[in-house]
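Okay, structure first, notes after.
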Amino acid sequence: MTVEPDTAAFRVELESLAAANTAYAESFDGQLRPVRPRRELVIVACMDSRMDIFSMLGLEVGDAHVIRNAGGIVTDDVIRSLCLSQRLLGTREIVLIHHTNCGLEGVSDAHFAAELQAETGRVPSWLVGGFVDPAEDVRRSMQAIRDSPFLPHRDLVAGFVFHVDTGRLESVT
């Protein structure tokens with residue numbers, strides 16, 4: 001069953017975003033900030049909308065690069081972004097943040113791929129990245145960073161699980 005998009009609601013959403021941008025631009029100082037993050041820090045996190053990365057870590061605009069995707073997993077594209085961040089923009093430290101109650105928790109890569117293939121006739125070239133334990137998934141992502149030959153700075157990597165019910169970060173070793 002195909003669901004028709006609600007174009008009217010989308011237009012209202014776009015108008016709201018545009019109005020917010022107008023208000024933002026009115027107080028924007030126009031000062032160019034250095035392109036290199038002040039803290040030489042990159043954060044790789046889940047795209048979950050409940051996580052305000054800058055606020056939870058006490059960061060300000062310009063402090064760090066933030067790379068987000070579903071699950072916060074370290075994919076080839078994340079390695080690409082980390083490589084550019086380190087080699088061209090001077091970052092050295094990496095923080096990974098996954099979280100409890102993630103949409104990928106318990107998702108089967110094989111089952112999801114089979115559903116996509118049944119619907120589209122094509123097998124995706126990527127994995128969803130489903131997992132059972134967020135802390136173990138952080139460890140797996142930390143290891144992927146440490147194993148990458150493309151990253152010159154792999155020694156300063158830390159991992160955390162954000163608890164969505166308390167707002168606290170739990171260190172993962």
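In the structure tokens, chains take letters A, B, ... by order of appearance, with residues numbered from 1 within each chain and ligands from 1 in the order shown.
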
Fewer than 4 positions away in the same chain doesn't count, so skip those; otherwise give me all residues within 8 Å of Arg87 in chain A, counting only C-alpha atoms, as a VMD selection string. chain A and resid 83 91 151 to 152

I'd like to know which residues of range 1-157 of chain A are alpha helix (DSSP H) (by DSSP, run on the backbone); could you write them as a PyMOL selection string? chain A and resi 7-27+53-57+76-89+109-120+134-147

Just want the 12 Å neighbourhood of Gly71 in chain A, counted on only C-alpha atoms, with same-chain residues fewer than 6 positions away dropped. Output as a ChimeraX atom specification. /A:44-49,51,78,96-107,127-135,137-138,141,161-162

Counting only C-alpha atoms, which residue out of A:Ala23, A:Leu59, A:Ala18, A:Ala64 sits closest to Val35 in chain A? A:Ala64

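Residue nearest Val74 in chain A, chosen from A:Arg140, A:Arg168, A:Arg36, A:His111 and counting only C-alpha atoms: A:Arg140.
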
List as a ChimeraX atom specification the protein and nucleic acid residues near Pro124 in chain A, meaning an atom at most 9 Å away when only C-alpha atoms are counted, but skip any in the same chain fewer than 4 places from it. /A:113,116-117

What's around Glu40 in chain A at 12 Å? Count only C-alpha atoms, leave out sequence neighbours fewer than 6 positions away in its own chain, and write the answer as a list in words. Pro34, Gly62, Asp63, Ala64, His65, Val66, Leu82, Ser85, Gln86, Arg87, Leu88, Leu89, Gly90, Thr91, Arg92, Glu93, Ile94, Val95, His153 and Leu156 of chain A

Report as a ChimeraX atom specification: the residues of chain A with a DSSP assignment of strand (DSSP E or B), based on the backbone of this structure. /A:41-46,64-69,93-99,105,131,157-162,169-172

Written selection (C-alpha atoms) as a PDB file, in the first residue's frame:
ATOM      1  CA  LEU A  41      37.471  16.776  18.474  1.00  0.00           C
ATOM      2  CA  VAL A  42      35.120  14.674  16.352  1.00  0.00           C
ATOM      3  CA  ILE A  43      31.963  13.129  17.734  1.00  0.00           C
ATOM      4  CA  VAL A  44      30.317  10.186  15.986  1.00  0.00           C
ATOM      5  CA  ALA A  45      26.771   9.710  17.237  1.00  0.00           C
ATOM      6  CA  CYS A  46      23.399   8.288  16.381  1.00  0.00           C
ATOM      7  CA  ALA A  64      33.877  19.899  17.288  1.00  0.00           C
ATOM      8  CA  HIS A  65      32.839  18.101  14.148  1.00  0.00           C
ATOM      9  CA  VAL A  66      29.724  15.978  14.612  1.00  0.00           C
ATOM     10  CA  ILE A  67      29.086  12.989  12.342  1.00  0.00           C
ATOM     11  CA  ARG A  68      25.682  11.376  12.754  1.00  0.00           C
ATOM     12  CA  ASN A  69      23.997   8.360  11.227  1.00  0.00           C
ATOM     13  CA  GLU A  93      40.299  12.988  19.304  1.00  0.00           C
ATOM     14  CA  ILE A  94      37.225  10.853  18.594  1.00  0.00           C
ATOM     15  CA  VAL A  95      34.209  10.335  20.842  1.00  0.00           C
ATOM     16  CA  LEU A  96      31.535   7.775  19.972  1.00  0.00           C
ATOM     17  CA  ILE A  97      28.036   8.071  21.426  1.00  0.00           C
ATOM     18  CA  HIS A  98      25.408   5.378  21.031  1.00  0.00           C
ATOM     19  CA  HIS A  99      22.289   5.262  23.202  1.00  0.00           C
ATOM     20  CA  GLU A 105      18.403  -2.372  18.814  1.00  0.00           C
ATOM     21  CA  PHE A 131      22.702  -4.729  17.397  1.00  0.00           C
ATOM     22  CA  VAL A 157      39.138   7.253  21.074  1.00  0.00           C
ATOM     23  CA  ALA A 158      36.457   7.137  23.756  1.00  0.00           C
ATOM     24  CA  GLY A 159      33.037   5.543  23.688  1.00  0.00           C
ATOM     25  CA  PHE A 160      29.834   6.199  25.593  1.00  0.00           C
ATOM     26  CA  VAL A 161      26.246   5.021  25.846  1.00  0.00           C
ATOM     27  CA  PHE A 162      23.757   7.848  26.373  1.00  0.00           C
ATOM     28  CA  LEU A 169      26.601   9.151  29.567  1.00  0.00           C
ATOM     29  CA  GLU A 170      28.082   5.801  30.555  1.00  0.00           C
ATOM     30  CA  SER A 171      31.712   5.257  29.632  1.00  0.00           C
ATOM     31  CA  VAL A 172      32.457   2.161  27.560  1.00  0.00           C
TER      32      VAL A 172
END
